file target-v6.tsv (TSV, C-alpha atoms and all ligand atoms)
chain	number	residue	atom	x	y	z
A	1260	MET	CA	24.13	0.75	12.52
A	1261	LYS	CA	21.83	-2.15	11.59
A	1262	ILE	CA	24.17	-5.02	10.85
A	1263	LEU	CA	23.50	-8.46	9.41
A	1264	LEU	CA	25.67	-11.19	10.97
A	1265	THR	CA	25.77	-14.19	8.66
A	1266	GLY	CA	26.74	-17.18	10.80
A	1267	GLY	CA	25.87	-15.00	13.78
A	1268	ALA	CA	24.94	-18.03	15.93
A	1269	GLY	CA	28.43	-19.50	15.61
A	1270	TYR	CA	31.39	-19.17	17.92
A	1271	ILE	CA	32.84	-15.86	16.71
A	1272	GLY	CA	29.50	-14.53	15.45
A	1273	SER	CA	27.79	-14.89	18.83
A	1274	HIS	CA	30.58	-13.09	20.68
A	1275	THR	CA	30.64	-10.34	18.06
A	1276	TYR	CA	26.85	-10.01	18.39
A	1277	LEU	CA	27.29	-9.00	22.05
A	1278	ALA	CA	30.22	-6.67	21.30
A	1279	LEU	CA	28.19	-4.87	18.62
A	1280	MET	CA	25.20	-4.53	20.94
A	1281	GLY	CA	27.48	-3.19	23.63
A	1282	SER	CA	28.63	-0.48	21.21
A	1283	GLY	CA	25.10	0.63	20.38
A	1284	HIS	CA	24.70	-1.22	17.06
A	1285	VAL	CA	21.64	-3.28	16.14
A	1286	PRO	CA	22.79	-6.74	15.03
A	1287	VAL	CA	20.50	-9.20	13.21
A	1288	ILE	CA	21.59	-12.84	13.22
A	1289	PHE	CA	21.26	-14.85	10.02
A	1290	ASP	CA	22.23	-18.52	10.31
A	1291	ASP	CA	21.31	-21.89	8.80
A	1292	PHE	CA	22.39	-23.70	12.01
A	1293	SER	CA	24.41	-26.21	9.98
A	1294	ASN	CA	27.32	-25.77	12.39
A	1295	SER	CA	25.72	-23.96	15.35
A	1296	SER	CA	22.92	-24.46	17.86
A	1297	PRO	CA	19.71	-22.42	18.16
A	1298	LYS	CA	20.30	-22.66	21.94
A	1299	VAL	CA	22.91	-19.93	21.61
A	1300	LEU	CA	20.03	-17.49	21.02
A	1301	GLU	CA	18.56	-18.01	24.51
A	1302	ARG	CA	22.02	-17.60	25.99
A	1303	LEU	CA	22.51	-14.32	24.13
A	1304	GLU	CA	19.15	-13.13	25.48
A	1305	ARG	CA	20.18	-14.07	29.03
A	1306	ILE	CA	23.44	-12.17	28.74
A	1307	SER	CA	22.09	-9.09	26.96
A	1308	GLY	CA	18.63	-8.95	28.54
A	1309	GLN	CA	17.20	-8.22	25.10
A	1310	ALA	CA	15.31	-10.29	22.54
A	1311	VAL	CA	17.51	-11.59	19.73
A	1312	VAL	CA	16.43	-10.91	16.17
A	1313	CYS	CA	17.31	-14.00	14.15
A	1314	GLU	CA	16.49	-15.11	10.62
A	1315	ARG	CA	17.09	-18.69	9.51
A	1316	GLY	CA	18.39	-19.57	6.07
A	1317	SER	CA	21.30	-19.86	3.71
A	1318	VAL	CA	23.48	-17.03	2.40
A	1319	ALA	CA	23.21	-18.70	-1.00
A	1320	ASP	CA	19.49	-17.90	-1.09
A	1321	SER	CA	19.83	-14.48	-2.70
A	1322	ALA	CA	16.10	-13.75	-2.81
A	1323	LEU	CA	15.73	-14.54	0.90
A	1324	VAL	CA	18.78	-12.44	1.79
A	1325	GLN	CA	17.58	-9.50	-0.31
A	1326	GLY	CA	14.18	-9.67	1.37
A	1327	LEU	CA	15.53	-9.65	4.89
A	1328	MET	CA	18.10	-6.97	4.12
A	1329	LYS	CA	15.29	-4.69	2.98
A	1330	ARG	CA	12.96	-5.65	5.83
A	1331	HIS	CA	15.59	-4.94	8.48
A	1332	ALA	CA	17.09	-1.93	6.64
A	1333	ILE	CA	20.55	-3.51	6.88
A	1334	GLU	CA	23.43	-1.03	6.49
A	1335	ALA	CA	26.41	-3.41	6.76
A	1336	VAL	CA	27.12	-7.14	6.71
A	1337	VAL	CA	29.61	-9.10	8.80
A	1338	HIS	CA	30.11	-12.42	7.03
A	1339	PHE	CA	31.05	-15.31	9.34
A	1340	ALA	CA	29.07	-18.03	7.57
A	1341	GLY	CA	31.90	-20.11	6.15
A	1342	PHE	CA	33.08	-23.66	6.75
A	1343	LYS	CA	36.50	-23.83	8.39
A	1344	ALA	CA	37.68	-27.40	8.97
A	1345	VAL	CA	40.93	-28.00	7.08
A	1346	GLY	CA	40.70	-31.83	7.02
A	1347	GLU	CA	37.07	-31.81	5.92
A	1348	SER	CA	37.93	-29.40	3.11
A	1349	VAL	CA	40.56	-31.85	1.82
A	1350	ALA	CA	38.04	-34.72	1.93
A	1351	GLN	CA	35.07	-32.71	0.57
A	1352	PRO	CA	36.38	-29.76	-1.47
A	1353	LEU	CA	33.08	-29.25	-3.29
A	1354	LYS	CA	31.34	-28.62	0.02
A	1355	TYR	CA	33.82	-25.78	0.62
A	1356	PHE	CA	33.66	-24.36	-2.89
A	1357	ASP	CA	29.87	-24.36	-2.67
A	1358	ASN	CA	29.36	-22.88	0.78
A	1359	ASN	CA	32.35	-20.56	0.94
A	1360	LEU	CA	32.68	-19.40	-2.68
A	1361	VAL	CA	29.17	-19.75	-4.11
A	1362	GLY	CA	27.66	-18.59	-0.79
A	1363	MET	CA	29.90	-15.50	-0.79
A	1364	THR	CA	29.04	-14.70	-4.42
A	1365	ARG	CA	25.30	-14.94	-3.76
A	1366	LEU	CA	25.61	-12.81	-0.63
A	1367	LEU	CA	27.52	-10.13	-2.54
A	1368	GLN	CA	24.86	-10.18	-5.26
A	1369	ALA	CA	22.14	-9.66	-2.66
A	1370	MET	CA	24.12	-6.82	-1.08
A	1371	ASP	CA	24.66	-5.17	-4.46
A	1372	ALA	CA	20.99	-5.48	-5.36
A	1373	THR	CA	19.97	-3.76	-2.13
A	1374	ALA	CA	22.74	-1.13	-2.38
A	1375	CYS	CA	24.32	-2.26	0.92
A	1376	ARG	CA	28.01	-2.33	0.05
A	1377	THR	CA	29.71	-2.29	3.45
A	1378	LEU	CA	31.16	-5.67	4.39
A	1379	VAL	CA	33.41	-7.11	7.08
A	1380	PHE	CA	34.82	-10.47	5.98
A	1381	SER	CA	36.34	-13.19	8.20
A	1382	SER	CA	39.57	-14.14	6.52
A	1383	SER	CA	42.34	-16.08	8.19
A	1384	ALA	CA	46.09	-16.20	8.80
A	1385	THR	CA	45.90	-19.38	6.72
A	1386	VAL	CA	46.27	-17.12	3.65
A	1387	TYR	CA	49.94	-16.64	4.63
A	1388	GLY	CA	50.64	-20.37	4.06
A	1389	ASP	CA	54.05	-21.23	5.52
A	1390	PRO	CA	55.42	-17.76	6.32
A	1391	ALA	CA	59.10	-17.09	5.58
A	1392	SER	CA	59.46	-15.28	8.92
A	1393	VAL	CA	57.51	-13.97	11.92
A	1394	PRO	CA	55.86	-11.66	12.86
A	1395	ILE	CA	53.67	-11.68	9.76
A	1396	THR	CA	52.71	-8.34	8.20
A	1397	GLU	CA	49.74	-7.92	5.90
A	1398	SER	CA	52.04	-7.49	2.89
A	1399	PHE	CA	53.52	-10.99	3.19
A	1400	PRO	CA	52.94	-13.21	0.12
A	1401	ARG	CA	49.81	-15.32	0.22
A	1402	SER	CA	49.45	-19.02	-0.59
A	1403	HIS	CA	47.31	-21.99	0.32
A	1404	THR	CA	47.82	-25.63	1.26
A	1405	ASN	CA	44.24	-26.91	1.39
A	1406	PRO	CA	40.82	-26.14	-0.15
A	1407	TYR	CA	39.64	-24.26	2.96
A	1408	GLY	CA	42.63	-21.88	2.77
A	1409	HIS	CA	42.16	-21.61	-0.97
A	1410	THR	CA	38.57	-20.39	-0.50
A	1411	LYS	CA	39.75	-17.62	1.86
A	1412	LEU	CA	42.35	-16.52	-0.68
A	1413	VAL	CA	39.91	-16.57	-3.59
A	1414	ILE	CA	37.36	-14.56	-1.61
A	1415	GLU	CA	39.98	-11.93	-0.77
A	1416	ASP	CA	40.66	-11.65	-4.52
A	1417	MET	CA	36.93	-11.50	-5.32
A	1418	LEU	CA	36.53	-8.65	-2.85
A	1419	SER	CA	39.43	-6.69	-4.26
A	1420	ALA	CA	38.06	-7.06	-7.81
A	1421	LEU	CA	34.70	-5.84	-6.58
A	1422	GLN	CA	36.23	-2.76	-4.93
A	1423	LYS	CA	38.07	-1.96	-8.18
A	1424	SER	CA	34.86	-2.30	-10.18
A	1425	ASP	CA	32.84	-0.04	-7.89
A	1426	PRO	CA	34.36	2.24	-5.24
A	1427	ALA	CA	31.05	2.26	-3.39
A	1428	TRP	CA	32.14	-1.09	-1.88
A	1429	LYS	CA	33.70	-0.63	1.57
A	1430	VAL	CA	35.29	-3.89	2.64
A	1431	ALA	CA	37.26	-4.83	5.75
A	1432	VAL	CA	39.17	-8.10	5.38
A	1433	LEU	CA	40.07	-9.37	8.86
A	1434	ARG	CA	42.75	-12.03	8.96
A	1435	TYR	CA	42.12	-13.90	12.21
A	1436	PHE	CA	44.96	-15.69	13.94
A	1437	ASN	CA	43.84	-18.36	16.48
A	1438	PRO	CA	40.59	-17.38	18.25
A	1439	VAL	CA	40.12	-19.08	21.64
A	1440	GLY	CA	38.43	-18.42	24.98
A	1441	ALA	CA	34.80	-17.64	25.69
A	1442	HIS	CA	32.50	-14.94	27.04
A	1443	PRO	CA	33.28	-14.39	30.77
A	1444	SER	CA	29.70	-15.41	31.70
A	1445	GLY	CA	30.50	-19.02	30.69
A	1446	LEU	CA	27.17	-19.06	28.82
A	1447	ILE	CA	28.53	-19.04	25.27
A	1448	GLY	CA	31.68	-20.54	23.82
A	1449	GLU	CA	33.15	-22.79	21.17
A	1450	ASP	CA	31.15	-25.97	20.62
A	1451	PRO	CA	32.88	-28.07	17.96
A	1452	ARG	CA	31.01	-31.06	16.56
A	1453	GLY	CA	32.79	-34.39	17.00
A	1454	ILE	CA	36.50	-34.51	17.69
A	1455	PRO	CA	37.88	-30.96	17.93
A	1456	ASN	CA	40.41	-30.08	15.23
A	1457	ASN	CA	41.78	-27.10	17.12
A	1458	LEU	CA	44.08	-27.15	20.09
A	1459	MET	CA	42.20	-25.19	22.77
A	1460	PRO	CA	38.84	-27.03	22.61
A	1461	PHE	CA	40.74	-30.34	22.56
A	1462	VAL	CA	42.76	-29.34	25.64
A	1463	ALA	CA	39.53	-28.23	27.37
A	1464	GLN	CA	37.90	-31.60	26.65
A	1465	VAL	CA	40.91	-33.45	28.07
A	1466	ALA	CA	40.84	-31.25	31.18
A	1467	VAL	CA	37.12	-31.93	31.74
A	1468	GLY	CA	37.66	-35.69	31.33
A	1469	LYS	CA	35.92	-36.19	27.97
A	1470	ARG	CA	39.15	-37.28	26.27
A	1471	PRO	CA	42.08	-39.11	27.89
A	1472	VAL	CA	45.09	-37.42	26.34
A	1473	LEU	CA	46.19	-34.63	24.01
A	1474	ASN	CA	48.22	-35.67	21.00
A	1475	VAL	CA	50.88	-33.01	20.48
A	1476	PHE	CA	51.47	-32.91	16.75
A	1477	GLY	CA	55.25	-32.69	16.46
A	1478	ASN	CA	57.98	-31.83	18.98
A	1479	ASP	CA	60.80	-31.35	16.51
A	1480	TYR	CA	59.86	-27.96	15.08
A	1481	PRO	CA	62.51	-25.21	15.10
A	1482	THR	CA	60.77	-23.50	18.06
A	1483	PRO	CA	61.96	-23.07	21.68
A	1484	ASP	CA	60.33	-26.30	22.92
A	1485	GLY	CA	59.92	-28.04	19.56
A	1486	THR	CA	56.11	-27.71	19.44
A	1487	GLY	CA	54.13	-25.45	17.08
A	1488	VAL	CA	53.83	-21.77	17.96
A	1489	ARG	CA	50.61	-19.81	17.29
A	1490	ASP	CA	49.09	-16.41	18.02
A	1491	TYR	CA	46.08	-17.21	20.23
A	1492	ILE	CA	43.63	-14.34	20.51
A	1493	HIS	CA	40.76	-14.10	23.00
A	1494	VAL	CA	37.42	-14.21	21.17
A	1495	GLN	CA	36.30	-11.17	23.22
A	1496	ASP	CA	39.22	-9.17	21.78
A	1497	LEU	CA	38.47	-10.50	18.31
A	1498	ALA	CA	34.83	-9.42	18.69
A	1499	GLN	CA	35.98	-5.91	19.62
A	1500	GLY	CA	38.17	-5.96	16.51
A	1501	HIS	CA	35.00	-6.25	14.40
A	1502	VAL	CA	33.44	-3.27	16.15
A	1503	ALA	CA	36.62	-1.26	15.47
A	1504	ALA	CA	36.66	-2.40	11.83
A	1505	LEU	CA	33.07	-1.26	11.27
A	1506	GLN	CA	33.76	2.07	12.93
A	1507	THR	CA	36.88	2.56	10.79
A	1508	LEU	CA	34.98	1.72	7.58
A	1509	ALA	CA	32.28	4.24	8.52
A	1510	ALA	CA	34.73	6.97	9.57
A	1511	LYS	CA	37.37	6.63	6.85
A	1512	GLY	CA	35.24	5.18	4.04
A	1513	GLU	CA	38.15	3.13	2.72
A	1514	SER	CA	38.59	-0.60	2.37
A	1515	PHE	CA	41.41	-2.35	4.20
A	1516	THR	CA	42.95	-5.70	5.11
A	1517	VAL	CA	44.23	-6.20	8.63
A	1518	ASN	CA	45.61	-8.90	10.94
A	1519	LEU	CA	43.73	-9.60	14.15
A	1520	GLY	CA	46.17	-11.24	16.54
A	1521	THR	CA	48.02	-10.38	19.72
A	1522	GLY	CA	51.53	-10.41	18.23
A	1523	GLN	CA	52.57	-12.95	20.88
A	1524	GLY	CA	53.37	-16.57	20.00
A	1525	TYR	CA	52.76	-19.50	22.38
A	1526	SER	CA	53.73	-23.12	21.89
A	1527	VAL	CA	51.41	-26.10	22.34
A	1528	LEU	CA	53.13	-26.87	25.65
A	1529	ASP	CA	52.73	-23.24	26.81
A	1530	VAL	CA	48.98	-23.58	26.20
A	1531	VAL	CA	48.82	-26.92	28.04
A	1532	ARG	CA	50.62	-25.49	31.09
A	1533	ALA	CA	48.46	-22.35	31.15
A	1534	PHE	CA	45.31	-24.44	30.88
A	1535	GLU	CA	46.39	-26.73	33.73
A	1536	GLN	CA	47.02	-23.65	35.85
A	1537	ALA	CA	43.64	-22.08	34.99
A	1538	SER	CA	41.62	-25.26	35.46
A	1539	GLY	CA	43.48	-26.94	38.31
A	1540	ARG	CA	43.25	-30.13	36.21
A	1541	GLN	CA	45.93	-32.29	34.64
A	1542	VAL	CA	46.17	-32.38	30.85
A	1543	PRO	CA	48.12	-35.53	29.91
A	1544	VAL	CA	50.00	-35.24	26.63
A	1545	GLN	CA	51.68	-37.65	24.25
A	1546	PHE	CA	53.91	-36.68	21.38
A	1547	ALA	CA	52.71	-37.68	17.95
A	1548	SER	CA	53.99	-37.01	14.45
A	1549	ARG	CA	53.54	-33.63	12.80
A	1550	ARG	CA	50.13	-32.89	11.32
A	1551	GLU	CA	50.25	-32.51	7.55
A	1552	GLY	CA	50.18	-28.90	6.41
A	1553	ASP	CA	51.09	-27.46	9.83
A	1554	VAL	CA	53.63	-24.66	10.02
A	1555	ALA	CA	56.23	-24.23	12.79
A	1556	GLN	CA	55.39	-20.67	13.80
A	1557	CYS	CA	52.65	-18.21	12.99
A	1558	TYR	CA	52.10	-14.90	14.76
A	1559	ALA	CA	50.94	-11.50	13.68
A	1560	SER	CA	52.44	-8.12	13.30
A	1561	THR	CA	49.84	-5.96	15.04
A	1562	GLU	CA	51.07	-2.55	13.88
A	1563	ARG	CA	48.55	-1.99	11.12
A	1564	ALA	CA	45.62	-2.96	13.37
A	1565	SER	CA	46.70	-0.57	16.08
A	1566	GLU	CA	47.38	2.33	13.69
A	1567	LEU	CA	44.35	1.88	11.46
A	1568	LEU	CA	41.72	0.61	13.89
A	1569	GLY	CA	43.08	1.98	17.16
A	1570	TRP	CA	42.53	-1.56	18.40
A	1571	ARG	CA	44.79	-3.85	20.40
A	1572	ALA	CA	44.13	-7.20	22.03
A	1573	GLN	CA	43.84	-6.74	25.80
A	1574	LEU	CA	43.51	-10.27	27.19
A	1575	GLY	CA	46.38	-12.69	27.74
A	1576	LEU	CA	46.77	-16.46	27.69
A	1577	ASP	CA	45.60	-16.84	31.31
A	1578	ALA	CA	42.24	-15.17	30.57
A	1579	MET	CA	41.90	-17.22	27.37
A	1580	CYS	CA	42.37	-20.44	29.35
A	1581	SER	CA	40.26	-19.51	32.39
A	1582	ASP	CA	37.34	-18.30	30.22
A	1583	SER	CA	37.57	-21.37	28.03
A	1584	TRP	CA	37.58	-23.55	31.17
A	1585	ARG	CA	34.56	-21.74	32.67
A	1586	TRP	CA	32.58	-22.44	29.48
A	1587	GLN	CA	33.80	-26.05	29.13
A	1588	SER	CA	33.29	-27.01	32.78
A	1589	ALA	CA	29.80	-25.46	32.97
A	1590	ASN	CA	28.80	-26.96	29.59
A	1591	PRO	CA	30.71	-30.25	29.23
A	1592	ASP	CA	28.54	-31.20	26.25
A	1593	GLY	CA	28.45	-27.72	24.74
A	1594	TYR	CA	24.93	-26.56	23.85
A	1595	ALA	CA	23.61	-30.16	23.62
B	1601	LIG	N1	47.72	-29.19	17.91
B	1601	LIG	C1	48.11	-30.31	18.61
B	1601	LIG	N2	47.16	-31.22	18.95
B	1601	LIG	C2	45.84	-31.07	18.61
B	1601	LIG	C3	45.46	-29.92	17.90
B	1601	LIG	C4	46.42	-29.00	17.55
B	1601	LIG	O1	49.29	-30.48	18.94
B	1601	LIG	O2	45.03	-31.96	18.93
B	1601	LIG	C5	48.75	-28.17	17.57
B	1601	LIG	C6	48.91	-27.92	16.09
B	1601	LIG	O3	49.84	-28.82	15.52
B	1601	LIG	C7	49.41	-26.46	16.08
B	1601	LIG	C8	48.68	-25.84	17.28
B	1601	LIG	O4	48.31	-26.94	18.11
B	1601	LIG	O5	50.80	-26.40	16.32
B	1601	LIG	C9	47.42	-25.06	16.91
B	1601	LIG	O6	46.59	-25.88	16.12
B	1601	LIG	P1	45.12	-25.42	15.70
B	1601	LIG	O7	44.54	-26.52	14.85
B	1601	LIG	O8	44.36	-24.99	16.89
B	1601	LIG	O9	45.38	-24.10	14.83
B	1601	LIG	P2	46.14	-23.91	13.42
B	1601	LIG	O10	47.15	-25.01	13.25
B	1601	LIG	O11	45.08	-23.94	12.39
B	1601	LIG	O12	46.81	-22.58	13.54

call {"tool": "encode", "arguments": {"input": "target-v6.tsv", "output": "structure tokens"}}
result
Amino acid sequence: MKILLTGGAGYIGSHTYLALMGSGHVPVIFDDFSNSSPKVLERLERISGQAVVCERGSVADSALVQGLMKRHAIEAVVHFAGFKAVGESVAQPLKYFDNNLVGMTRLLQAMDATACRTLVFSSSATVYGDPASVPITESFPRSHTNPYGHTKLVIEDMLSALQKSDPAWKVAVLRYFNPVGAHPSGLIGEDPRGIPNNLMPFVAQVAVGKRPVLNVFGNDYPTPDGTGVRDYIHVQDLAQGHVAALQTLAAKGESFTVNLGTGQGYSVLDVVRAFEQASGRQVPVQFASRREGDVAQCYASTERASELLGWRAQLGLDAMCSDSWRWQSANPDGYA
């Protein structure tokens, strides 16, 4: 299939690009490089040995998107091009409403106008808010605690309204848990701008000596060691999840919503220990107060993903840490 990857130069988009190529698809990257580097394109060419097809622009530019969808005969879209920083969304909600909600609307209009109605959307476990229990199944109630999470929830509702209005829409909503790790080549990986918000890139920067210490946000949660528990999933597994989702949409022709996680929860201290082991470096920690909006535990039920997609995460915490370390140590300043 010819597939448009909006935000295809970003962390998850670039890994999914390679997974799709590896499965015989023809991915076209579409990115405005507002939160990614054009250098990723050379890296993708080095890994794949093939020229990357990339278009630059905004998903909100409907005329541009319609033009390139026709030119490349796009059959499906995987939409990664959303902003995702919780704190920034609290400080600048309009930025999130504009890019995530208006951008999504314009993209859907362009897809409708070109009669391409197959979409894979990057949602997030954030739509479960503070879950009443774990593991989390897809039927758990949804809520939001910040504008970023709210945009994911609203988009899920937009997509379900669209499917009701026209059954020609085939939509896979993928609720990601905590993507980490990097391609085993060490050539592409997560390259956050400024101070990382997420745990794994922060730990990697401490291990490589860019930051002195990890602040552990809270050690009084009702978890085995008191620190927050999350479902970390290797980005390579997540990328394969997109391939499986596209194949399922094509084979079954029905829309679905599915968790992409491993079903296994690890605490902040578990991650620190695994990273020290993988890197051979010390990761000093200090305990700090809880981060506002954080939940104690969040991990997925993986049953629906395995039944519906025939997909399961294969890689464990050790591979997540060693691949993340390979990328971080070979590229201490990311793509800069
Ligand atoms: N965390 C931490 N220090 C950091 C960043 C994160 O202790 O510098 C903790 C955070 O409180 C949570 C876990 O690590 O328990 C995962 O946080 P992340 O932001 O990566 O994912 P999310 O909270 O969005 O699931």

call {"tool": "residues_around", "arguments": {"input": "target-v6.tsv", "residues": "segment 1444-1446 of chain A", "least_positions_apart": "2", "cutoff": "9 Å", "atoms": "all atoms listed in the file", "output": "VMD selection string"}}
result
chain A and resid 1299 1302 to 1303 1305 to 1306 1441 to 1442 1448 1582 to 1590

call {"tool": "residues_around", "arguments": {"input": "target-v6.tsv", "residues": "Leu1433 of chain A", "least_positions_apart": "3", "cutoff": "8 Å", "atoms": "all atoms listed in the file", "output": "list in words"}}
result
Val1379, Phe1380, Ser1381, Ser1382, Ser1383, Thr1516, Val1517, Asn1518 and Leu1519 of chain A

call {"tool": "closest_atom_pairs", "arguments": {"input": "target-v6.tsv", "of": "chain A", "to": "ligand LIG 1601 (chain B)", "cutoff": "10 Å", "atoms": "all atoms listed in the file", "output": "CSV"}}
result
residue,atom,partner,partner_atom,distance
A:Lys1343,CA,B:LIG1601,O11,9.5
A:Ala1344,CA,B:LIG1601,O11,8.9
A:Val1345,CA,B:LIG1601,O11,7.9
A:Ser1383,CA,B:LIG1601,O11,9.3
A:Ala1384,CA,B:LIG1601,O12,8.0
A:Thr1385,CA,B:LIG1601,O11,7.3
A:Tyr1435,CA,B:LIG1601,O12,10.0
A:Phe1436,CA,B:LIG1601,O12,7.1
A:Asn1437,CA,B:LIG1601,O12,5.9
A:Pro1438,CA,B:LIG1601,O8,8.6
A:Val1439,CA,B:LIG1601,O8,8.7
A:Ile1454,CA,B:LIG1601,O2,9.0
A:Pro1455,CA,B:LIG1601,O2,7.3
A:Asn1456,CA,B:LIG1601,O7,5.5
A:Asn1457,CA,B:LIG1601,O8,3.3
A:Leu1458,CA,B:LIG1601,C3,3.8
A:Met1459,CA,B:LIG1601,O8,6.3
A:Pro1460,CA,B:LIG1601,O8,8.2
A:Phe1461,CA,B:LIG1601,O2,5.8
A:Val1462,CA,B:LIG1601,O2,7.6
A:Val1472,CA,B:LIG1601,O2,9.2
A:Leu1473,CA,B:LIG1601,O2,5.9
A:Asn1474,CA,B:LIG1601,N2,5.0
A:Val1475,CA,B:LIG1601,O1,3.4
A:Phe1476,CA,B:LIG1601,O1,3.9
A:Gly1477,CA,B:LIG1601,O3,6.7
A:Asn1478,CA,B:LIG1601,O1,8.8
A:Tyr1480,CA,B:LIG1601,O5,9.3
A:Gly1485,CA,B:LIG1601,O5,9.8
A:Thr1486,CA,B:LIG1601,O5,6.3
A:Gly1487,CA,B:LIG1601,O5,3.5
A:Val1488,CA,B:LIG1601,O5,5.8
A:Arg1489,CA,B:LIG1601,O12,6.0
A:Asp1490,CA,B:LIG1601,O12,8.0
A:Tyr1491,CA,B:LIG1601,O12,8.6
A:Tyr1525,CA,B:LIG1601,C8,9.1
A:Ser1526,CA,B:LIG1601,O5,7.1
A:Val1527,CA,B:LIG1601,O4,5.3
A:Leu1528,CA,B:LIG1601,O1,8.5
A:Val1530,CA,B:LIG1601,O4,8.8
A:Val1531,CA,B:LIG1601,O1,9.8
A:Val1544,CA,B:LIG1601,O1,9.1
A:Gln1545,CA,B:LIG1601,O1,9.2
A:Phe1546,CA,B:LIG1601,O1,8.1
A:Ala1547,CA,B:LIG1601,O1,8.0
A:Ser1548,CA,B:LIG1601,O1,9.2
A:Arg1549,CA,B:LIG1601,O3,6.7
A:Arg1550,CA,B:LIG1601,O3,5.9
A:Glu1551,CA,B:LIG1601,O3,8.8
A:Gly1552,CA,B:LIG1601,O10,8.4
A:Asp1553,CA,B:LIG1601,O10,5.8
A:Val1554,CA,B:LIG1601,O5,7.1
A:Ala1555,CA,B:LIG1601,O5,6.8
A:Gln1556,CA,B:LIG1601,O5,7.8
A:Cys1557,CA,B:LIG1601,O12,7.3
A:Tyr1558,CA,B:LIG1601,O12,9.4

call {"tool": "closest_residue", "arguments": {"input": "target-v6.tsv", "among": "A:Gln1536, A:Lys1261, A:His1403, A:Tyr1270", "to": "Pro1390 of chain A", "atoms": "all atoms listed in the file"}}
result
A:His1403

call {"tool": "atom_distance", "arguments": {"input": "target-v6.tsv", "atom1": "atom CA of Ala1340 of chain A", "atom2": "atom CA of Thr1364 of chain A"}}
result
12.4 Å

call {"tool": "closest_residue", "arguments": {"input": "target-v6.tsv", "among": "A:Gln1495, A:Gln1541, A:Ser1321, A:Thr1396", "to": "Ile1447 of chain A", "atoms": "all atoms listed in the file"}}
result
A:Gln1495

call {"tool": "atom_distance", "arguments": {"input": "target-v6.tsv", "atom1": "atom CA of Met1370 of chain A", "atom2": "atom CA of Gln1325 of chain A"}}
result
7.1 Å

call {"tool": "atom_distance", "arguments": {"input": "target-v6.tsv", "atom1": "atom CA of Ala1503 of chain A", "atom2": "atom CA of Gly1440 of chain A"}}
result
19.7 Å

call {"tool": "residues_around", "arguments": {"input": "target-v6.tsv", "residues": "Leu1277 of chain A", "least_positions_apart": "4", "cutoff": "9 Å", "atoms": "all atoms listed in the file", "output": "number ranges by chain"}}
result
A: 1272-1273, 1281-1282, 1286, 1303, 1306-1307, 1498

call {"tool": "residues_around", "arguments": {"input": "target-v6.tsv", "residues": "Val1312 of chain A", "least_positions_apart": "6", "cutoff": "9 Å", "atoms": "only C-alpha atoms", "output": "PyMOL selection string"}}
result
chain A and resi 1286-1289+1300

call {"tool": "residues_near_point", "arguments": {"input": "target-v6.tsv", "point": "(42.8, -24.4, -1.7)", "cutoff": "12 Å", "atoms": "only C-alpha atoms", "output": "number ranges by chain"}}
result
A: 1343, 1345-1346, 1348-1353, 1355-1356, 1359-1360, 1385-1386, 1388, 1401-1414, 1552

call {"tool": "closest_residue", "arguments": {"input": "target-v6.tsv", "among": "A:Asp1450, A:Pro1471, A:His1338, A:Gly1524", "to": "Val1432 of chain A", "atoms": "only C-alpha atoms"}}
result
A:His1338
